[in-house]
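Visitor: Got a structure for you, query25.cif, holding mmCIF, C-alpha atoms and all ligand atoms.
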data_entry
loop_
_atom_site.label_atom_id
_atom_site.label_comp_id
_atom_site.auth_asym_id
_atom_site.auth_seq_id
_atom_site.Cartn_x
_atom_site.Cartn_y
_atom_site.Cartn_z
CA MET A 1 -10.13 80.30 17.61
CA TYR A 2 -8.53 76.97 16.73
CA ILE A 3 -8.63 74.69 13.71
CA SER A 4 -7.10 71.28 14.49
CA GLY A 5 -4.61 72.79 16.88
CA ASN A 6 -3.64 75.82 14.78
CA ILE A 7 -4.53 79.39 15.58
CA ILE A 8 -6.51 80.90 12.70
CA PRO A 9 -4.25 83.46 11.03
CA LYS A 10 -5.30 87.12 11.12
CA TRP A 11 -5.74 87.37 7.35
CA LEU A 12 -8.45 84.71 7.54
CA ALA A 13 -10.44 86.74 10.06
CA MET A 14 -10.32 89.88 7.91
CA LYS A 15 -13.45 91.47 6.49
CA THR A 16 -11.87 91.69 3.01
CA LEU A 17 -12.61 88.01 2.42
CA ALA A 18 -15.94 89.23 1.13
CA SER A 19 -15.72 87.30 -2.15
CA PHE A 20 -17.22 84.20 -0.54
CA THR A 21 -19.63 86.12 1.65
CA HIS A 22 -23.07 87.10 0.40
CA TYR A 23 -25.43 89.57 2.05
CA TYR A 24 -29.21 89.36 1.86
CA ALA A 25 -31.96 91.67 3.07
CA PRO A 26 -35.18 90.49 4.77
CA GLY A 27 -37.75 89.28 2.23
CA GLU A 28 -35.12 88.28 -0.38
CA ILE A 29 -35.34 84.77 -1.80
CA ILE A 30 -31.98 83.00 -1.85
CA PHE A 31 -33.40 80.30 -4.14
CA HIS A 32 -36.76 78.80 -5.12
CA GLU A 33 -37.96 75.23 -4.89
CA GLY A 34 -37.17 73.53 -8.21
CA ASP A 35 -34.22 75.80 -9.08
CA PRO A 36 -31.02 74.06 -10.14
CA GLY A 37 -28.47 74.41 -7.36
CA THR A 38 -24.69 74.38 -7.31
CA THR A 39 -24.07 76.20 -4.02
CA ALA A 40 -24.64 75.40 -0.35
CA PHE A 41 -24.56 78.08 2.35
CA ILE A 42 -23.49 78.43 5.95
CA ILE A 43 -25.15 81.26 7.85
CA GLU A 44 -22.62 83.53 9.51
CA LYS A 45 -25.24 85.98 10.79
CA GLY A 46 -29.00 86.32 10.41
CA LYS A 47 -32.01 84.09 9.89
CA VAL A 48 -33.78 82.35 6.96
CA GLU A 49 -36.88 80.23 6.57
CA VAL A 50 -37.20 77.09 4.49
CA SER A 51 -40.60 76.38 2.96
CA ILE A 52 -42.44 74.65 0.14
CA THR A 53 -45.71 75.50 -1.52
CA ARG A 54 -48.39 72.84 -1.96
CA ASN A 55 -51.91 73.61 -3.27
CA ASN A 56 -51.19 77.33 -3.02
CA GLU A 57 -50.40 76.87 0.63
CA LYS A 58 -46.98 77.68 2.08
CA LEU A 59 -45.65 74.96 4.36
CA LEU A 60 -42.84 75.99 6.67
CA LEU A 61 -40.15 73.30 6.98
CA ALA A 62 -37.46 74.98 9.07
CA VAL A 63 -35.94 78.22 10.29
CA TYR A 64 -32.15 78.41 10.22
CA ASP A 65 -29.82 80.88 11.86
CA SER A 66 -26.17 81.46 12.59
CA GLY A 67 -24.02 78.35 12.09
CA ASP A 68 -26.64 76.38 10.15
CA LEU A 69 -26.02 74.83 6.73
CA PHE A 70 -28.65 74.78 3.97
CA GLY A 71 -28.78 74.05 0.25
CA GLU A 72 -26.60 70.96 0.75
CA MET A 73 -29.05 68.49 -0.77
CA ALA A 74 -28.83 69.79 -4.33
CA LEU A 75 -25.06 69.70 -4.07
CA ILE A 76 -24.88 66.12 -2.93
CA ASP A 77 -27.16 64.42 -5.45
CA GLU A 78 -27.50 67.06 -8.15
CA THR A 79 -31.28 67.31 -7.76
CA PRO A 80 -33.24 70.58 -8.05
CA ARG A 81 -33.78 72.60 -4.85
CA SER A 82 -36.19 70.76 -2.59
CA ALA A 83 -37.48 73.94 -0.95
CA THR A 84 -37.51 77.74 -1.12
CA VAL A 85 -35.26 79.73 1.20
CA MET A 86 -36.34 83.24 2.18
CA VAL A 87 -34.45 85.72 4.35
CA LEU A 88 -36.09 86.79 7.64
CA GLU A 89 -33.36 89.03 9.09
CA PRO A 90 -30.32 90.76 7.51
CA THR A 91 -28.23 87.72 6.66
CA GLU A 92 -24.62 87.01 5.86
CA VAL A 93 -23.76 83.60 4.34
CA ILE A 94 -20.61 81.84 3.24
CA ALA A 95 -21.03 80.06 -0.09
CA ILE A 96 -19.68 76.57 -0.69
CA GLU A 97 -19.44 75.75 -4.38
CA ARG A 98 -20.01 72.32 -5.86
CA SER A 99 -16.39 72.15 -7.05
CA GLN A 100 -15.14 72.56 -3.45
CA PHE A 101 -17.55 69.94 -2.24
CA ASP A 102 -16.68 67.51 -5.06
CA LYS A 103 -12.98 67.83 -4.25
CA ALA A 104 -13.60 66.83 -0.64
CA PHE A 105 -16.02 64.13 -1.68
CA ASP A 106 -13.68 62.54 -4.21
CA LYS A 107 -11.09 61.99 -1.50
CA ALA A 108 -13.56 60.35 0.86
CA HIS A 109 -13.99 56.60 1.14
CA PRO A 110 -16.90 55.47 -1.08
CA LEU A 111 -18.67 54.27 2.06
CA VAL A 112 -19.04 57.91 3.15
CA ASN A 113 -20.45 58.70 -0.26
CA LEU A 114 -22.87 55.80 -0.15
CA PHE A 115 -24.04 56.58 3.39
CA MET A 116 -24.66 60.23 2.55
CA HIS A 117 -26.62 59.43 -0.59
CA THR A 118 -28.66 56.87 1.29
CA ILE A 119 -29.52 59.30 4.10
CA LEU A 120 -30.47 61.90 1.52
CA HIS A 121 -32.53 59.46 -0.48
CA ASN A 122 -34.43 58.38 2.63
CA LEU A 123 -34.94 61.98 3.70
CA ARG A 124 -36.43 62.90 0.31
CA LYS A 125 -38.70 59.87 0.44
CA THR A 126 -39.88 60.73 3.95
CA ASN A 127 -40.40 64.40 3.01
CA HIS A 128 -42.40 63.31 0.03
CA ARG A 129 -44.63 60.98 2.05
CA LEU A 130 -45.24 63.40 4.90
CA LEU A 131 -45.98 66.31 2.65
CA GLN A 132 -48.29 64.40 0.35
CA ASN A 133 -49.87 62.64 3.32
CA VAL A 134 -49.10 59.32 1.72
CA ASP A 135 -48.62 56.42 4.07
CA LEU A 136 -46.01 53.73 3.65
CA GLN A 137 -48.43 51.06 2.39
CA THR A 138 -49.94 53.12 -0.40
CA SER A 139 -46.76 54.94 -1.33
CA PRO A 140 -45.89 54.01 -4.90
CA ALA A 141 -43.34 51.26 -5.14
CA GLY A 142 -40.30 51.88 -7.29
CA HIS A 143 -39.67 55.35 -5.83
CA LYS A 144 -36.06 54.39 -6.00
CA ARG A 145 -34.47 56.71 -8.48
CA PHE A 146 -30.81 56.87 -7.70
CA ASN A 147 -28.54 59.06 -9.76
CA ASP A 148 -25.37 57.80 -11.44
CA LYS A 149 -23.11 59.11 -8.69
CA PHE A 150 -25.04 57.11 -6.14
CA LEU A 151 -24.90 53.94 -8.26
CA ASP A 152 -21.16 54.41 -8.81
CA ALA A 153 -20.60 54.91 -5.08
CA ARG A 154 -22.65 51.83 -4.32
CA ASN A 155 -20.76 49.66 -6.81
CA GLU A 156 -17.41 50.94 -5.62
CA THR A 157 -18.36 50.37 -2.00
CA VAL A 158 -19.47 46.80 -2.63
CA TYR A 159 -16.22 46.17 -4.51
CA LEU A 160 -14.02 47.72 -1.80
CA VAL A 161 -15.81 46.07 1.10
CA LYS A 162 -15.50 42.69 -0.62
CA ALA A 163 -11.81 43.35 -1.33
CA GLU A 164 -11.20 44.40 2.25
CA ASN A 165 -12.86 41.27 3.62
CA GLU A 166 -10.99 38.99 1.24
CA LEU A 167 -7.58 40.61 1.86
CA THR A 168 -8.14 40.51 5.63
CA ARG A 169 -8.98 36.84 5.38
CA ALA A 170 -5.89 36.20 3.26
CA LEU A 171 -3.67 38.02 5.80
CA ASN A 172 -5.14 35.98 8.66
CA ASP A 173 -4.79 32.75 6.69
CA ASN A 174 -1.14 33.49 5.83
CA GLU A 175 -1.71 33.38 2.10
CA PHE A 176 0.92 36.01 1.30
CA GLN A 177 4.50 35.08 0.53
CA LEU A 178 7.59 37.19 0.16
CA TYR A 179 9.46 36.17 -2.99
CA LEU A 180 13.07 37.21 -3.49
CA GLN A 181 14.66 38.41 -6.72
CA PRO A 182 18.46 38.49 -6.79
CA ILE A 183 20.31 41.70 -7.61
CA VAL A 184 23.70 40.92 -9.09
CA ASP A 185 26.99 42.63 -9.83
CA VAL A 186 26.99 43.80 -13.46
CA LEU A 187 30.43 42.31 -14.20
CA SER A 188 30.75 39.19 -12.06
CA GLY A 189 27.07 38.25 -11.73
CA THR A 190 27.54 37.59 -8.01
CA ILE A 191 24.49 38.07 -5.84
CA GLN A 192 24.70 41.27 -3.83
CA GLY A 193 21.24 41.15 -2.34
CA PHE A 194 17.57 40.56 -3.05
CA GLU A 195 14.48 42.64 -3.58
CA SER A 196 11.58 41.21 -1.61
CA LEU A 197 8.34 41.06 -3.61
CA ILE A 198 4.96 40.13 -2.19
CA ARG A 199 2.87 37.41 -3.85
CA TRP A 200 -0.57 36.15 -2.98
CA GLN A 201 -1.02 32.40 -3.07
CA HIS A 202 -4.79 32.37 -3.50
CA PRO A 203 -6.41 28.99 -2.69
CA GLN A 204 -8.56 29.07 -5.86
CA ARG A 205 -6.90 31.53 -8.18
CA GLY A 206 -3.28 30.51 -7.69
CA LEU A 207 -0.53 33.08 -7.61
CA VAL A 208 -1.90 36.65 -7.74
CA PRO A 209 0.56 39.38 -8.76
CA PRO A 210 0.86 42.48 -6.57
CA ASN A 211 -0.59 44.90 -9.16
CA GLU A 212 -3.93 43.14 -8.57
CA PHE A 213 -4.08 43.82 -4.83
CA ILE A 214 -1.61 46.47 -3.59
CA SER A 215 -3.72 49.40 -4.72
CA LEU A 216 -6.80 47.82 -3.09
CA ALA A 217 -4.80 47.34 0.11
CA GLU A 218 -3.88 51.03 -0.08
CA GLN A 219 -7.47 52.16 -0.64
CA THR A 220 -8.84 50.06 2.21
CA GLY A 221 -6.07 50.94 4.69
CA LEU A 222 -4.98 47.29 4.78
CA ILE A 223 -1.59 48.40 3.50
CA LYS A 224 -0.69 49.03 7.15
CA PRO A 225 -1.01 45.43 8.41
CA MET A 226 0.21 44.12 5.03
CA GLY A 227 3.23 46.43 5.10
CA GLU A 228 3.98 45.38 8.67
CA TRP A 229 3.81 41.75 7.65
CA ILE A 230 6.22 42.43 4.75
CA ILE A 231 8.72 44.15 7.06
CA HIS A 232 8.42 41.35 9.57
CA ASP A 233 8.87 38.60 7.00
CA ALA A 234 11.80 40.27 5.24
CA PHE A 235 13.61 40.58 8.58
CA ARG A 236 12.78 36.97 9.40
CA GLN A 237 14.19 35.87 6.04
CA LEU A 238 17.40 37.80 6.68
CA ARG A 239 17.79 36.12 10.03
CA VAL A 240 17.21 32.65 8.56
CA LEU A 241 19.69 33.32 5.73
CA SER A 242 22.34 34.48 8.17
CA SER A 243 21.88 31.50 10.47
CA GLU A 244 21.68 28.91 7.65
CA ILE A 245 24.70 30.39 5.86
CA PRO A 246 26.86 31.77 8.68
CA GLU A 247 29.57 33.05 6.34
CA LEU A 248 27.09 34.99 4.14
CA LEU A 249 27.07 38.32 5.98
CA HIS A 250 30.75 37.92 6.83
CA ASN A 251 31.84 37.36 3.23
CA THR A 252 29.36 39.86 1.79
CA PRO A 253 29.17 42.63 4.40
CA ASP A 254 27.02 44.73 2.06
CA PHE A 255 24.46 41.94 1.52
CA PHE A 256 20.90 43.29 1.66
CA ILE A 257 17.25 42.51 1.33
CA SER A 258 15.26 45.44 0.04
CA ILE A 259 11.71 46.19 1.12
CA ASN A 260 9.28 48.25 -0.97
CA LEU A 261 7.49 50.91 1.04
CA SER A 262 4.21 52.36 -0.20
CA ALA A 263 3.51 56.08 0.06
CA LYS A 264 0.46 55.15 2.12
CA GLN A 265 2.68 53.57 4.80
CA PHE A 266 4.31 56.94 5.39
CA ILE A 267 0.97 58.28 6.60
CA TYR A 268 1.13 56.15 9.73
CA PRO A 269 3.27 57.80 12.41
CA ASP A 270 4.45 54.50 13.88
CA LEU A 271 6.24 53.27 10.73
CA PHE A 272 9.68 54.03 12.13
CA SER A 273 9.06 52.59 15.61
CA HIS A 274 7.51 49.50 14.04
CA VAL A 275 10.61 48.93 11.91
CA MET A 276 12.88 49.40 14.94
CA ASP A 277 10.85 46.99 17.08
CA THR A 278 10.90 44.37 14.34
CA LEU A 279 14.65 44.84 13.87
CA LYS A 280 15.28 44.21 17.56
CA GLN A 281 12.97 41.22 17.55
CA HIS A 282 15.00 39.54 14.80
CA ASN A 283 18.36 40.73 16.00
CA ILE A 284 19.85 41.70 12.65
CA ALA A 285 22.02 44.63 11.60
CA SER A 286 20.11 47.49 9.97
CA HIS A 287 22.56 47.99 7.10
CA HIS A 288 21.43 44.67 5.60
CA VAL A 289 18.04 46.27 5.04
CA LYS A 290 17.36 48.64 2.16
CA PHE A 291 14.07 50.49 1.73
CA GLU A 292 12.80 51.10 -1.79
CA ILE A 293 10.63 54.18 -2.10
CA THR A 294 9.16 55.95 -5.11
CA GLU A 295 9.86 59.53 -6.05
CA SER A 296 6.24 60.43 -5.31
CA ILE A 297 6.80 59.79 -1.59
CA LEU A 298 9.48 62.47 -1.60
CA MET A 299 7.49 64.95 -3.65
CA ASP A 300 4.02 64.51 -2.13
CA ASN A 301 4.99 65.01 1.47
CA PRO A 302 8.64 66.11 1.60
CA GLU A 303 8.72 67.16 5.28
CA THR A 304 7.41 63.87 6.62
CA ALA A 305 9.48 61.85 4.16
CA LEU A 306 12.66 63.68 5.11
CA LEU A 307 12.00 63.23 8.81
CA ILE A 308 11.38 59.49 8.54
CA LEU A 309 14.14 58.81 6.01
CA ASN A 310 16.69 60.70 8.12
CA LYS A 311 15.75 58.56 11.10
CA PHE A 312 16.15 55.38 9.02
CA LYS A 313 19.49 56.62 7.74
CA GLN A 314 20.75 57.46 11.23
CA GLU A 315 19.89 53.92 12.29
CA GLY A 316 21.99 52.54 9.43
CA PHE A 317 19.29 51.45 6.95
CA ARG A 318 19.91 52.06 3.27
CA ILE A 319 17.51 53.85 0.95
CA ALA A 320 16.87 53.33 -2.76
CA ILE A 321 14.72 55.32 -5.17
CA ASP A 322 12.59 52.86 -7.12
CA ASP A 323 11.52 53.28 -10.78
CA PHE A 324 13.87 56.24 -11.15
CA GLY A 325 13.17 58.36 -14.21
CA THR A 326 9.41 57.82 -14.35
CA GLY A 327 8.42 60.42 -11.75
CA TYR A 328 9.73 63.88 -11.11
CA SER A 329 13.42 62.92 -11.10
CA SER A 330 14.10 66.23 -9.45
CA LEU A 331 17.76 67.01 -8.90
CA SER A 332 17.00 68.92 -5.72
CA TYR A 333 15.76 65.91 -3.80
CA LEU A 334 18.76 63.84 -4.80
CA HIS A 335 20.98 65.94 -2.58
CA SER A 336 18.48 66.85 0.14
CA PHE A 337 17.31 63.30 0.92
CA PRO A 338 19.57 60.61 2.37
CA ILE A 339 19.62 58.35 -0.69
CA ASP A 340 22.10 55.52 -1.37
CA THR A 341 20.82 53.90 -4.54
CA LEU A 342 18.95 54.73 -7.74
CA LYS A 343 17.05 51.95 -9.44
CA ILE A 344 16.74 52.83 -13.14
CA ASP A 345 13.20 52.09 -14.29
CA ARG A 346 12.69 49.02 -16.48
CA SER A 347 11.01 51.06 -19.23
CA PHE A 348 14.36 52.66 -20.14
CA ILE A 349 16.19 49.34 -20.02
CA ASN A 350 13.50 47.63 -22.17
CA SER A 351 13.69 50.24 -24.91
CA MET A 352 17.42 50.95 -24.68
CA GLN A 353 18.24 48.77 -27.72
CA GLU A 354 15.78 50.29 -30.18
CA ASN A 355 15.55 53.77 -28.82
CA ALA A 356 18.58 56.05 -28.75
CA THR A 357 16.83 58.46 -26.39
CA SER A 358 16.33 55.73 -23.80
CA LEU A 359 19.96 54.74 -24.11
CA ASN A 360 21.00 58.37 -23.64
CA ILE A 361 18.75 58.70 -20.61
CA VAL A 362 20.27 55.59 -19.03
CA HIS A 363 23.71 56.99 -19.79
CA ALA A 364 22.78 60.35 -18.22
CA ILE A 365 21.27 58.75 -15.10
CA ILE A 366 24.40 56.64 -14.60
CA SER A 367 26.72 59.66 -15.01
CA LEU A 368 24.59 61.74 -12.67
CA ALA A 369 24.47 59.04 -10.00
CA LYS A 370 28.21 58.48 -10.20
CA ALA A 371 28.91 62.20 -9.95
CA ILE A 372 27.03 62.44 -6.66
CA GLY A 373 28.20 59.11 -5.29
CA LEU A 374 25.03 57.06 -5.61
CA ASN A 375 24.92 53.37 -6.26
CA LEU A 376 22.98 52.12 -9.34
CA ILE A 377 20.74 49.17 -10.09
CA ALA A 378 19.20 48.62 -13.54
CA GLU A 379 15.76 47.00 -13.35
CA GLY A 380 14.22 44.60 -15.85
CA VAL A 381 17.39 43.35 -17.52
CA GLU A 382 16.32 40.55 -19.85
CA THR A 383 18.90 40.19 -22.63
CA GLU A 384 22.62 39.76 -23.13
CA GLN A 385 22.64 42.95 -25.22
CA GLN A 386 21.12 44.99 -22.38
CA LEU A 387 23.64 43.56 -19.95
CA GLN A 388 26.55 44.41 -22.25
CA ASN A 389 25.32 47.97 -22.64
CA LEU A 390 25.01 48.36 -18.89
CA GLN A 391 28.50 46.93 -18.40
CA TYR A 392 29.83 49.37 -20.96
CA LEU A 393 28.03 52.28 -19.24
CA GLU A 394 29.47 51.10 -15.90
CA CYS A 395 26.18 50.54 -14.13
CA ASP A 396 26.88 48.85 -10.76
CA SER A 397 24.21 46.19 -10.49
CA VAL A 398 21.39 44.61 -12.44
CA GLN A 399 18.14 42.86 -11.65
CA GLY A 400 15.93 40.98 -14.09
CA TYR A 401 14.96 37.76 -15.84
CA TYR A 402 18.27 37.56 -17.69
CA PHE A 403 19.79 36.38 -14.41
CA TYR A 404 16.95 35.41 -12.10
CA LYS A 405 13.18 35.63 -11.68
CA PRO A 406 11.67 36.34 -8.28
CA MET A 407 11.70 33.04 -6.37
CA PRO A 408 10.23 31.62 -3.16
CA PHE A 409 12.40 32.00 -0.09
CA ALA A 410 13.42 28.30 0.02
CA GLU A 411 14.81 28.56 -3.53
CA ALA A 412 16.74 31.73 -2.72
CA LEU A 413 18.25 29.99 0.29
CA GLU A 414 19.30 26.99 -1.84
CA LEU A 415 20.75 29.31 -4.47
CA LEU A 416 22.84 31.16 -1.88
CA LYS A 417 23.97 27.91 -0.28
CA ASN A 418 25.15 26.59 -3.64
CA LYS A 419 26.89 29.85 -4.46
CA SER A 420 28.69 29.99 -1.14
CA CYS A 421 30.00 26.42 -1.62
CA GLN A 422 31.55 27.30 -4.99
P1 LIG B 1 -31.54 71.95 -1.21
O1 LIG B 1 -32.49 70.88 -1.68
O2 LIG B 1 -30.27 72.13 -1.94
O3 LIG B 1 -32.33 73.32 -1.15
C1 LIG B 1 -33.37 73.47 -0.18
C2 LIG B 1 -32.78 73.24 1.18
O4 LIG B 1 -33.69 73.29 2.26
C3 LIG B 1 -32.23 71.81 1.25
O5 LIG B 1 -31.16 71.69 0.35
C4 LIG B 1 -31.98 71.73 2.73
O6 LIG B 1 -30.85 72.47 3.12
C5 LIG B 1 -33.22 72.43 3.28
N1 LIG B 1 -34.31 71.45 3.57
C6 LIG B 1 -35.00 70.68 2.70
N2 LIG B 1 -35.92 69.90 3.32
C7 LIG B 1 -35.82 70.17 4.62
C8 LIG B 1 -36.52 69.71 5.82
N3 LIG B 1 -37.51 68.78 5.75
N4 LIG B 1 -36.13 70.21 7.00
C9 LIG B 1 -35.15 71.13 7.07
N5 LIG B 1 -34.47 71.61 6.01
C10 LIG B 1 -34.80 71.16 4.79
MG MG B 2 10.98 47.91 -6.15
#
Using the file provided, produce a representation of the structure as structure tokens.
Ligand code: CMP
Ligand code: MG
Guide:
Amino acid sequence: MYISGNIIPKWLAMKTLASFTHYYAPGEIIFHEGDPGTTAFIIEKGKVEVSITRNNEKLLLAVYDSGDLFGEMALIDETPRSATVMVLEPTEVIAIERSQFDKAFDKAHPLVNLFMHTILHNLRKTNHRLLQNVDLQTSPAGHKRFNDKFLDARNETVYLVKAENELTRALNDNEFQLYLQPIVDVLSGTIQGFESLIRWQHPQRGLVPPNEFISLAEQTGLIKPMGEWIIHDAFRQLRVLSSEIPELLHNTPDFFISINLSAKQFIYPDLFSHVMDTLKQHNIASHHVKFEITESILMDNPETALLILNKFKQEGFRIAIDDFGTGYSSLSYLHSFPIDTLKIDRSFINSMQENATSLNIVHAIISLAKAIGLNLIAEGVETEQQLQNLQYLECDSVQGYYFYKPMPFAEALELLKNKSCQ
């Protein structure tokens, strides 16, 4: 037996798994019409009949046997049992509890939810009409009682479908821009590289910040084309910078543009090959590209992350951990993953002045990173005081409004041109 390519292990085929298996004898009622229901069943062996009683008359709806599923309706829309199930032959069933179903359901796209509720709703309506012998014309209007779950699924679906359409349109119409925010040396203030940050130039709403659309892009799967566009545009910007300022990469061999990668991009198996193809297309050296990833990517799916990050590393890309200190900050991944840089989260930098704990955490992160040879960037540096503290603590680099805001590419190019003339 196979489940998605894997042989089912022996322990799963053992008889001792009886806790989920229920046995019924012929004549037993598994549940009655109108009962509350929190379990669905799959028949492993045996036979049951499904019936309802109307005007003291039993109406047979179905007979189910091995492999069939029943009792699913009450699970889906939390409505009482629509029929009675009685055992015809010695029967063995596997129980599926509502909590198991809800877990699977919560992960599904709301469209799946909406479609299922709609099918169920229509089925109940049809059952009702057929059994009461009511025809469509005389059937009472307003038989449209949806439960809250259905209404939530419908609202969420409408919202996501609209978002997907609008983001797709924006991608096709080239409304996204990649802004650049300089990252500077903590002592000299010289620009060492840039973080690329996506912005949406909406025709009516103006500039839309990424926190208003990245999560929607992730939920709708549009993060794939959006992420590919970001990689493409960052590489293009690097190429333009190096051709407009020929001495840039020569004078600053470590110059980089960093690209934020979403955990959702790691799901797609062609991430690495896409990056390599784009690199070749723009003919730039990989070590000028740094990928920023969050700790959750490493913790959620360590095997895949390690595989992909090792490949990036072998090709010469650099890797930074973004928002360091807000996630797991596990010491074990720091040495098992090929990391070059830690970016200390802005929340520590913001509160460093008033909060001794934050200052101590920043100090500890810097000492730790130095001890294992990692490079450091402090995020969200906004004041002279913060800068001085970071200089004192010997942080390597800083990023934040104190020096520069994120700027359109043309401005970053001008800035670099002016700097390189000085
Ligand atoms: P549920 O409503 O939870 O409990 C009774 C079950 O009988 C129901 O889920 C379905 O699995 C099954 N059932 C209800 N109506 C029909 C029908 N018209 N045809 C076949 N099976 C049905
Ligand atoms: Mg970042």
Visitor: Under the rule that only C-alpha atoms and all ligand atoms are counted, which of A:Val184, A:Val63, A:Ala25, A:Met407 is the nearest residue to ligand LIG 1 (chain B)?
Guide: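 That would be A:Val63, the residue with the smallest distance to ligand LIG 1 (chain B).
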Visitor: Please check which protein, DNA or RNA residues sit within 9 Å of ligand MG 2 (chain B), counting all atoms listed in the file, and write them as a list in words.
Guide: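 Written in the requested form, the residues are Glu195, Ser196, Leu197, Ser258, Ile259, Asn260, Leu261, Phe291, Glu292, Ile293, Thr294, Ala320, Ile321, Asp322, Asp323, Lys343 and Glu379 of chain A.
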Visitor: Report as a ChimeraX atom specification which protein, DNA and RNA residues come within 10 Å of ligand LIG 1 (chain B), using all atoms listed in the file.
Guide: /A:30-42,49-52,60-64,68-85,120,123-124,126-128,130-131
Visitor: Point out the residue among A:Lys405, A:Tyr392, A:Leu222, A:Ile297 with the least atom-to-atom distance to Asn172 (chain A), counting all atoms listed in the file.
Guide: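 Once distances to Asn172 (chain A) are computed over all atoms listed in the file, the minimum belongs to A:Leu222.
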Visitor: Kindly indicate which residue among A:Ile191, A:Val186, A:Met276, A:Ile94 lies nearest to Thr252 (chain A), using all atoms listed in the file for the distances.
Guide: A:Ile191
Visitor: Check the smallest atom-to-atom distance from each of A:Gly206, A:Leu248, A:His232, A:Val158 to Pro110 (chain A) using all atoms listed in the file, then report the winner.
Guide: A:Val158
Visitor: Name the residues, using the chain letters and numbers of the file, that sit within 12 Å of (19.5, 50.6, 7.0) when counting all atoms listed in the file, and give them as a ChimeraX atom specification.
Guide: /A:235,254-259,272,275-276,279,284-292,309-320,338-340
Visitor: From the set A:Thr220, A:Pro225, A:Gln132, A:Ile230, which residue has the shortest atom-to-atom contact distance to Leu59 (chain A), counting all atoms listed in the file?
Guide: A:Gln132
Visitor: Which of these, A:Asn56, A:Ile245, A:Ile223, A:Ala364, has the shortest distance to Asn418 (chain A) once you count only C-alpha atoms?
Guide: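 Distance minimum relative to Asn418 (chain A) lands on A:Ile245.
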Visitor: Using all atoms listed in the file, which residues sit within 12 Å of Glu414 (chain A) once same-chain residues fewer than 6 positions away are excluded, as a list of chain:residue names?
Guide: A:Leu241, A:Glu244, A:Ile245, A:Met407, A:Pro408, A:Ser420, A:Cys421
Visitor: Go ahead and compute the interatomic distance for CA of Ser332 (chain A) and CA of Leu306 (chain A), in Å to one decimal.
Guide: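 Computed distance, CA of Ser332 (chain A) to CA of Leu306 (chain A), equals 12.8 Å.
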Visitor: Using all atoms listed in the file, determine which residues lie at most 12 Å from Arg169 (chain A), disregarding the query and same-chain residues fewer than 3 positions distant; provide the list as a list of chain:residue names.
Guide: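 Skipping anything fewer than 3 positions along the chain leaves A:Lys162, A:Ala163, A:Glu164, A:Asn165, A:Glu166, A:Asn172, A:Asp173, A:Asn174, A:Glu175, A:Phe176, A:Trp200, A:His202, A:Pro203, A:Leu222, A:Met226.
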Visitor: Kindly give the distance, in Å, that separates CA of Val381 (chain A) and CA of Tyr179 (chain A), rounded to a single decimal.
Guide: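 Separation between CA of Val381 (chain A) and CA of Tyr179 (chain A): 18.0 Å.
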Visitor: Quick one, how far is CA of Ile198 (chain A) from CA of Leu387 (chain A)?
Guide: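 Those two atoms sit 26.0 Å apart.
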